[in-house]
>>> print(open('entry21.cif').read())   # mmCIF, C-alpha atoms
data_target
loop_
_atom_site.label_atom_id
_atom_site.label_comp_id
_atom_site.auth_asym_id
_atom_site.auth_seq_id
_atom_site.Cartn_x
_atom_site.Cartn_y
_atom_site.Cartn_z
CA PHE A 688 76.42 61.67 44.89
CA PRO A 689 79.69 59.69 44.71
CA HIS A 690 82.48 61.28 42.72
CA TYR A 691 85.03 58.46 43.13
CA PHE A 692 84.10 54.79 42.77
CA LYS A 693 85.80 51.70 44.24
CA VAL A 694 89.12 53.39 45.05
CA PRO A 695 91.45 53.18 48.08
CA LEU A 696 90.20 55.73 50.61
CA VAL A 697 91.03 57.03 54.06
CA LEU A 698 88.32 58.24 56.43
CA ILE A 699 89.26 61.44 58.28
CA TRP A 700 87.12 61.99 61.38
CA ALA A 701 87.41 64.83 63.89
CA THR A 702 85.51 66.22 66.86
CA ILE A 703 85.57 70.00 67.27
CA SER A 704 84.33 71.81 70.39
CA CYS A 705 83.64 75.51 70.03
CA ALA A 706 83.20 75.81 73.79
CA GLU A 707 86.77 74.58 74.18
CA LEU A 708 88.14 76.64 71.29
CA ASN A 709 86.17 79.81 72.15
CA CYS A 710 84.64 80.35 68.71
CA ARG A 711 83.51 83.98 68.48
CA TYR A 712 84.17 85.64 65.12
CA SER A 713 85.42 84.21 61.86
CA SER A 714 88.31 86.68 61.85
CA VAL A 715 89.57 85.77 65.36
CA PRO A 716 91.98 82.83 65.98
CA LEU A 717 90.62 79.96 68.04
CA ARG A 718 91.85 79.26 71.57
CA THR A 719 93.98 76.17 71.04
CA SER A 720 95.87 74.55 73.89
CA ALA A 721 98.25 71.66 74.45
CA THR A 722 95.82 70.45 77.15
CA GLN A 723 92.63 70.46 75.05
CA VAL A 724 90.70 67.17 75.27
CA LEU A 725 87.46 67.58 73.31
CA THR A 726 88.83 68.83 70.00
CA GLN A 727 90.69 65.96 68.37
CA VAL A 728 91.25 64.02 65.18
CA TYR A 729 90.96 60.25 65.38
CA LYS A 730 93.12 57.51 63.95
CA PRO A 731 92.25 57.29 60.23
CA SER A 732 90.60 54.21 58.73
CA LYS A 733 91.54 52.91 55.29
CA TYR A 734 89.14 51.05 53.04
CA VAL A 735 88.08 50.66 49.41
CA GLY A 736 84.84 52.30 48.37
CA ASN A 737 83.09 55.36 46.97
CA THR A 738 83.23 58.97 48.10
CA ARG A 739 81.85 62.37 47.18
CA LEU A 740 83.67 65.32 45.65
CA VAL A 741 86.92 66.17 47.45
CA VAL A 742 87.54 69.93 47.38
CA ASN A 743 91.20 70.94 47.31
CA PRO A 744 91.37 74.69 48.12
CA ASP A 745 94.45 75.00 45.92
CA ASN A 746 92.45 73.91 42.87
CA TYR A 747 90.65 77.07 41.81
CA ASP A 748 88.55 75.30 39.17
CA VAL A 749 87.04 73.09 41.88
CA LEU A 750 86.96 75.78 44.58
CA LYS A 751 84.76 78.10 42.55
CA THR A 752 82.14 75.36 42.14
CA ILE A 753 81.38 75.34 45.90
CA ASN A 754 80.90 79.09 46.34
CA PRO A 755 77.47 79.36 48.02
CA MET A 756 77.29 83.03 47.04
CA GLU A 757 77.16 82.09 43.35
CA SER A 758 73.78 80.78 42.22
CA SER A 759 75.39 79.19 39.16
CA ALA A 760 78.06 77.26 41.14
CA ALA A 761 77.66 73.57 40.38
CA ASN A 762 78.19 72.43 43.99
CA ARG A 763 77.04 75.53 45.91
CA ASP A 764 75.23 73.37 48.51
CA PHE A 765 78.59 71.95 49.63
CA CYS A 766 79.14 75.00 51.87
CA ALA A 767 75.49 75.86 52.52
CA ALA A 768 76.13 75.38 56.25
CA GLY A 769 79.52 77.03 56.04
CA CYS A 770 82.98 75.55 55.42
CA ASP A 771 85.29 76.41 58.31
CA TYR A 772 87.68 73.48 58.57
CA THR A 773 90.15 71.78 56.24
CA ALA A 774 92.13 68.55 56.57
CA TYR A 775 95.81 68.58 55.60
CA VAL A 776 96.81 64.96 54.96
CA THR A 777 100.47 63.99 54.61
CA PHE A 778 101.14 60.65 52.93
CA SER A 779 104.06 58.23 53.26
CA ASP A 780 105.75 59.70 50.18
CA SER A 781 105.68 63.16 51.88
CA SER A 782 103.00 64.44 49.48
CA LEU A 783 100.30 66.67 50.96
CA ARG A 784 96.62 66.69 50.10
CA LYS A 785 94.15 69.26 51.36
CA ALA A 786 90.40 68.70 51.62
CA ILE A 787 87.69 71.07 52.87
CA PHE A 788 85.11 69.72 55.33
CA PRO A 789 81.53 70.71 54.52
CA GLY A 790 79.77 72.34 57.47
CA SER A 791 80.63 74.65 60.36
CA HIS A 792 79.42 75.73 63.80
CA ARG A 793 77.63 78.69 62.23
CA ASN A 794 73.99 78.45 61.16
CA ASN A 795 74.75 79.02 57.49
CA TYR A 796 77.29 80.53 55.11
CA LEU A 797 75.85 84.04 55.55
CA ASP A 798 76.72 84.21 59.27
CA VAL A 799 80.15 85.68 60.00
CA ASP A 800 79.74 85.40 63.78
CA PHE A 801 78.87 82.37 65.89
CA GLU A 802 75.73 82.20 67.99
CA SER A 803 76.19 82.23 71.77
CA LEU A 804 75.15 78.59 72.26
CA VAL A 805 78.35 77.32 70.62
CA LEU A 806 80.25 78.64 73.68
CA ASP A 807 77.98 76.77 76.11
CA GLY A 808 79.61 73.44 76.91
CA THR A 809 76.23 72.02 78.01
CA SER A 810 74.68 72.68 74.58
CA SER A 811 74.79 70.16 71.77
CA LYS A 812 75.53 73.07 69.44
CA SER A 813 78.95 73.54 71.04
CA ILE A 814 80.44 70.30 69.72
CA ASP A 815 80.20 68.55 66.38
CA ASN A 816 81.83 65.80 64.33
CA TYR A 817 83.33 66.31 60.89
CA GLY A 818 84.23 63.56 58.48
CA LEU A 819 85.33 63.05 54.90
CA ALA A 820 86.93 60.32 52.84
CA ILE A 821 89.73 61.07 50.40
CA PRO A 822 91.52 58.86 47.86
CA THR A 823 94.95 57.63 48.97
CA GLY A 824 96.37 56.17 45.78
CA GLY A 825 97.30 53.19 47.96
CA LEU A 826 99.66 55.24 50.15
CA ASP A 827 99.85 55.13 53.95
CA ILE A 828 98.97 58.16 56.09
CA GLU A 829 101.80 59.82 58.00
CA ARG A 830 100.02 62.81 59.47
CA ILE A 831 96.68 64.63 59.62
CA ASP A 832 96.27 68.26 60.64
CA ILE A 833 92.84 69.84 61.07
CA MET A 834 93.04 73.51 60.13
CA TYR A 835 90.70 76.37 60.97
CA THR A 836 89.90 77.98 57.61
CA PRO A 837 86.71 80.08 58.02
CA LEU A 838 84.69 80.74 54.85
CA ALA A 839 86.99 78.35 53.00
CA TRP A 840 85.21 78.81 49.67
CA GLN A 841 86.90 82.23 49.48
CA GLY A 842 90.26 80.48 49.35
CA PHE A 843 92.98 80.93 51.94
CA HIS A 844 96.03 81.30 49.75
CA ASN A 845 96.49 84.78 51.26
CA ARG A 846 96.05 83.84 54.94
CA LEU A 847 97.61 81.42 57.39
CA PRO A 848 95.30 78.57 58.48
CA GLN A 849 95.40 77.68 62.18
CA VAL A 850 96.14 74.13 63.36
CA ILE A 851 93.48 73.03 65.88
CA ALA A 852 94.14 69.26 66.14
CA SER A 853 96.60 66.71 64.74
CA TRP A 854 97.30 63.00 64.47
CA SER A 855 100.49 61.31 63.36
CA ALA A 856 101.41 57.70 62.68
CA ALA A 857 104.43 58.12 64.95
CA TYR A 858 102.75 59.70 68.01
CA GLY A 859 99.01 59.30 67.58
CA GLU A 860 96.75 62.16 68.72
CA GLU A 861 98.52 65.49 69.16
CA SER A 862 97.20 68.77 70.58
CA PRO A 863 98.55 72.08 69.31
CA GLY A 864 99.90 74.84 71.51
CA PRO A 865 98.59 78.42 71.56
CA PRO A 866 98.06 80.10 68.16
CA PRO A 867 101.13 81.94 66.86
CA THR A 868 101.36 85.70 67.12
CA LEU A 869 101.43 87.12 63.60
CA SER A 870 102.74 90.47 62.48
CA SER A 871 100.76 92.40 59.89
CA HIS A 872 102.23 93.94 56.77
CA THR A 873 100.44 96.36 54.51
CA MET A 874 101.11 97.18 50.88
CA THR A 875 99.18 99.67 48.77
CA TYR A 876 98.85 99.20 45.03
CA ASP A 877 96.91 101.24 42.48
CA PHE A 878 95.07 99.59 39.60
CA LYS A 879 93.56 101.32 36.60
CA PHE A 880 90.36 100.04 35.03
CA THR A 881 88.96 101.14 31.68
CA LEU A 882 85.17 101.08 31.62
CA PRO A 883 82.60 101.94 28.94
CA ARG A 884 80.69 105.17 29.54
CA SER A 885 77.54 103.14 30.05
CA GLN A 886 79.09 101.10 32.88
CA ASN A 887 78.38 102.15 36.45
CA ILE A 888 81.45 101.46 38.58
CA CYS A 889 79.18 100.54 41.49
CA ASP A 890 77.89 97.60 39.43
CA ILE A 891 81.30 95.92 39.23
CA GLN A 892 81.33 92.58 41.05
CA VAL A 893 84.68 91.72 42.64
CA SER A 894 84.57 87.99 42.01
CA LEU A 895 86.93 85.40 43.44
CA THR A 896 88.47 85.18 39.98
CA LEU A 897 89.35 88.89 39.96
CA ALA A 898 90.51 88.95 43.59
CA MET A 899 92.82 85.97 43.11
CA ALA A 900 94.18 87.37 39.85
CA ILE A 901 95.07 90.69 41.53
CA GLU A 902 96.62 88.96 44.55
CA SER A 903 98.60 86.64 42.31
CA ALA A 904 99.90 89.54 40.22
CA VAL A 905 101.00 91.47 43.30
CA LEU A 906 102.73 88.47 44.87
CA GLN A 907 104.46 87.66 41.58
CA THR A 908 105.69 91.25 41.43
CA LEU A 909 107.28 90.79 44.86
CA THR A 910 109.33 87.88 43.46
CA CYS A 911 111.07 90.38 41.15
CA ASP A 912 110.38 88.15 38.17
CA GLU A 913 110.28 90.59 35.25
CA LYS A 914 108.12 88.22 33.20
CA LEU A 915 105.46 88.19 35.91
CA ALA A 916 105.79 91.72 37.26
CA LEU A 917 103.00 94.27 37.01
CA PRO A 918 103.64 97.30 34.86
CA PRO A 919 104.78 100.41 36.78
#
>>> encode(input="entry21.cif", output="structure tokens")
Amino acid sequence: FPHYFKVPLVLIWATISCAELNCRYSSVPLRTSATQVLTQVYKPSKYVGNTRLVVNPDNYDVLKTINPMESSAANRDFCAAGCDYTAYVTFSDSSLRKAIFPGSHRNNYLDVDFESLVLDGTSSKSIDNYGLAIPTGGLDIERIDIMYTPLAWQGFHNRLPQVIASWSAAYGEESPGPPPTLSSHTMTYDFKFTLPRSQNICDIQVSLTLAMAIESAVLQTLTCDEKLALPP
């Protein structure tokens, strides 16, 4: 159902080929290349009309409504087929808006791996189109980046999305180079929980709310802000 009515919109449309990008596991970067030809984002189209809910992954109140793992989530069907890609849209005033594409190359949100047919360039399952319309506030579009953000309903504030295709008003379609090599850092932190005697610790559900709260507290501690720091 429409969520916005008769507003200035921009249509973001992209083609993504898993055969070209070598989709294998959700935890493995895709094989981007400056010479890729199938995976691309097209010139955006502006118009006035209606559009459905736009999910900004930075807005936790909206993000939690699309969690397909939660039966009570208001929009849990949004990611029923997975949510693996996100558009980063830069406007003429340099503001950035993020919007998650519904859908993925996986069968459904429960699959972590991709089926073998997505790597077969002769199979229709290897390539798909993704589109969404987002409000512009009347601003022009300067740049669009399509990001690989597997299982996006989990949030990706604690991971680095991968650019897989881009378009800019200055240069048109752009192809990214190879994915960057990232170094891993590990930090161990102990947390104490007080539970009633009747509570079985195995019954505790680590929700997105709890996970994000812990991550936020740890990251705030690293800023050395005494007002935000965790107790010793």
>>> axis_aligned_box(input="entry21.cif", around="region 721-731 of chain A", padding_each_side="3 Å", output="lines of an AutoDock Vina configuration file")
center_x = 92.9
center_y = 64.5
center_z = 68.7
size_x = 16.8
size_y = 20.4
size_z = 22.9
>>> resolve_selection(input="entry21.cif", expression="the PyMOL selection byres ((chain A and resi 831) around 8)", output="ChimeraX atom specification")
/A:728,774-777,828-830,832-833,853-855
>>> write_last_selection(input="entry21.cif", atoms="C-alpha atoms", output="PDB file, keeping the file's coordinate frame")
ATOM      1  CA  VAL A 728      91.250  64.020  65.180  1.00  0.00           C
ATOM      2  CA  ALA A 774      92.130  68.550  56.570  1.00  0.00           C
ATOM      3  CA  TYR A 775      95.810  68.580  55.600  1.00  0.00           C
ATOM      4  CA  VAL A 776      96.810  64.960  54.960  1.00  0.00           C
ATOM      5  CA  THR A 777     100.470  63.990  54.610  1.00  0.00           C
ATOM      6  CA  ILE A 828      98.970  58.160  56.090  1.00  0.00           C
ATOM      7  CA  GLU A 829     101.800  59.820  58.000  1.00  0.00           C
ATOM      8  CA  ARG A 830     100.020  62.810  59.470  1.00  0.00           C
ATOM      9  CA  ASP A 832      96.270  68.260  60.640  1.00  0.00           C
ATOM     10  CA  ILE A 833      92.840  69.840  61.070  1.00  0.00           C
ATOM     11  CA  SER A 853      96.600  66.710  64.740  1.00  0.00           C
ATOM     12  CA  TRP A 854      97.300  63.000  64.470  1.00  0.00           C
ATOM     13  CA  SER A 855     100.490  61.310  63.360  1.00  0.00           C
TER      14      SER A 855
END
>>> residues_around(input="entry21.cif", residues="Ile753 (chain A)", least_positions_apart="6", cutoff="10 Å", atoms="only C-alpha atoms", output="list in words")
Val742, Ser759, Ala760, Ala761, Asn762, Arg763, Asp764, Phe765, Cys766, Ala767, Cys770, Pro789, Ala839, Trp840 and Gln841 of chain A
>>> closest_residue(input="entry21.cif", among="A:Ser758, A:Thr836, A:Gln849, A:Asn816", to="Pro744 (chain A)", atoms="all atoms listed in the file")
A:Thr836
>>> atom_distance(input="entry21.cif", atom1="CA of Phe788 (chain A)", atom2="CA of Ala701 (chain A)")
10.1 Å
>>> atom_distance(input="entry21.cif", atom1="CA of Ile703 (chain A)", atom2="CA of Glu861 (chain A)")
13.8 Å
>>> residues_around(input="entry21.cif", residues="Trp700 (chain A)", least_positions_apart="2", cutoff="8 Å", atoms="all atoms listed in the file", output="list in words")
Leu698, Thr702, Val728, Tyr729, Lys730, Pro731, Asn816, Tyr817, Gly818 and Leu819 of chain A
>>> residues_around(input="entry21.cif", residues="region 795-799 of chain A", least_positions_apart="6", cutoff="9 Å", atoms="only C-alpha atoms", output="VMD selection string")
chain A and resid 712 to 714 755 to 756 766 to 770 837 to 838
>>> closest_residue(input="entry21.cif", among="A:Arg793, A:Lys785, A:Arg739, A:His690", to="Arg711 (chain A)", atoms="only C-alpha atoms")
A:Arg793
>>> atom_distance(input="entry21.cif", atom1="CA of Thr823 (chain A)", atom2="CA of Arg846 (chain A)")
26.9 Å
>>> residues_near_point(input="entry21.cif", point="(86.0, 65.1, 44.9)", cutoff="9 Å", atoms="only C-alpha atoms", output="short mmCIF file (atom, residue, chain, number, x, y, z; two decimals) with C-alpha atoms, keeping the file's coordinate frame")
data_model
loop_
_atom_site.label_atom_id
_atom_site.label_comp_id
_atom_site.auth_asym_id
_atom_site.auth_seq_id
_atom_site.Cartn_x
_atom_site.Cartn_y
_atom_site.Cartn_z
CA PRO A 689 79.69 59.69 44.71
CA HIS A 690 82.48 61.28 42.72
CA TYR A 691 85.03 58.46 43.13
CA THR A 738 83.23 58.97 48.10
CA ARG A 739 81.85 62.37 47.18
CA LEU A 740 83.67 65.32 45.65
CA VAL A 741 86.92 66.17 47.45
CA VAL A 742 87.54 69.93 47.38
CA ASN A 743 91.20 70.94 47.31
CA VAL A 749 87.04 73.09 41.88
CA ALA A 786 90.40 68.70 51.62
CA ILE A 821 89.73 61.07 50.40
CA PRO A 822 91.52 58.86 47.86
#
>>> residues_around(input="entry21.cif", residues="Leu708 (chain A)", least_positions_apart="4", cutoff="12 Å", atoms="all atoms listed in the file", output="PyMOL selection string")
chain A and resi 702-704+712+715-727+792+805-808+813-814+835+849-852+863-866
>>> closest_residue(input="entry21.cif", among="A:Ser779, A:Ser885, A:Thr773, A:Asn746", to="Ser791 (chain A)", atoms="all atoms listed in the file")
A:Thr773
>>> residues_around(input="entry21.cif", residues="Pro695 (chain A)", least_positions_apart="6", cutoff="12 Å", atoms="only C-alpha atoms", output="number ranges by chain")
A: 732-738, 820-827
>>> decode(input="entry21.cif", residues="region 735-783 of chain A", atoms="C-alpha atoms", output="short mmCIF file (atom, residue, chain, number, x, y, z; two decimals), in the first residue's frame")
data_model
loop_
_atom_site.label_atom_id
_atom_site.label_comp_id
_atom_site.auth_asym_id
_atom_site.auth_seq_id
_atom_site.Cartn_x
_atom_site.Cartn_y
_atom_site.Cartn_z
CA VAL A 735 5.25 13.11 -8.85
CA GLY A 736 3.22 10.23 -7.46
CA ASN A 737 2.73 7.69 -4.69
CA THR A 738 5.17 5.18 -3.23
CA ARG A 739 5.34 2.51 -0.56
CA LEU A 740 7.23 2.59 2.73
CA VAL A 741 10.87 3.67 2.34
CA VAL A 742 13.07 1.86 4.87
CA ASN A 743 16.08 3.84 6.06
CA PRO A 744 18.43 1.38 7.85
CA ASP A 745 19.58 4.20 10.14
CA ASN A 746 16.04 4.61 11.49
CA TYR A 747 15.74 1.84 14.06
CA ASP A 748 12.02 2.45 14.66
CA VAL A 749 11.33 1.69 10.99
CA LEU A 750 14.00 -1.02 10.64
CA LYS A 751 12.49 -3.18 13.36
CA THR A 752 9.13 -3.21 11.57
CA ILE A 753 10.57 -5.16 8.60
CA ASN A 754 12.27 -7.93 10.59
CA PRO A 755 10.89 -11.14 9.01
CA MET A 756 12.01 -13.11 12.06
CA GLU A 757 9.52 -11.23 14.25
CA SER A 758 5.92 -12.38 13.82
CA SER A 759 4.67 -9.12 15.34
CA ALA A 760 6.66 -6.84 12.98
CA ALA A 761 4.20 -4.61 11.16
CA ASN A 762 5.93 -4.92 7.76
CA ARG A 763 7.63 -8.32 8.12
CA ASP A 764 6.70 -9.28 4.53
CA PHE A 765 8.96 -6.49 3.23
CA CYS A 766 11.99 -8.80 3.54
CA ALA A 767 10.19 -12.12 3.10
CA ALA A 768 12.38 -12.80 0.05
CA GLY A 769 15.43 -11.33 1.72
CA CYS A 770 16.82 -7.79 1.72
CA ASP A 771 20.38 -7.79 0.38
CA TYR A 772 20.78 -4.44 -1.35
CA THR A 773 20.46 -0.79 -0.33
CA ALA A 774 20.47 2.42 -2.36
CA TYR A 775 22.55 5.35 -1.11
CA VAL A 776 21.17 8.47 -2.79
CA THR A 777 23.08 11.76 -2.64
CA PHE A 778 21.06 14.89 -3.40
CA SER A 779 22.11 18.26 -4.79
CA ASP A 780 22.38 19.73 -1.29
CA SER A 781 24.89 16.95 -0.38
CA SER A 782 22.36 15.20 1.89
CA LEU A 783 22.33 11.41 1.81
#
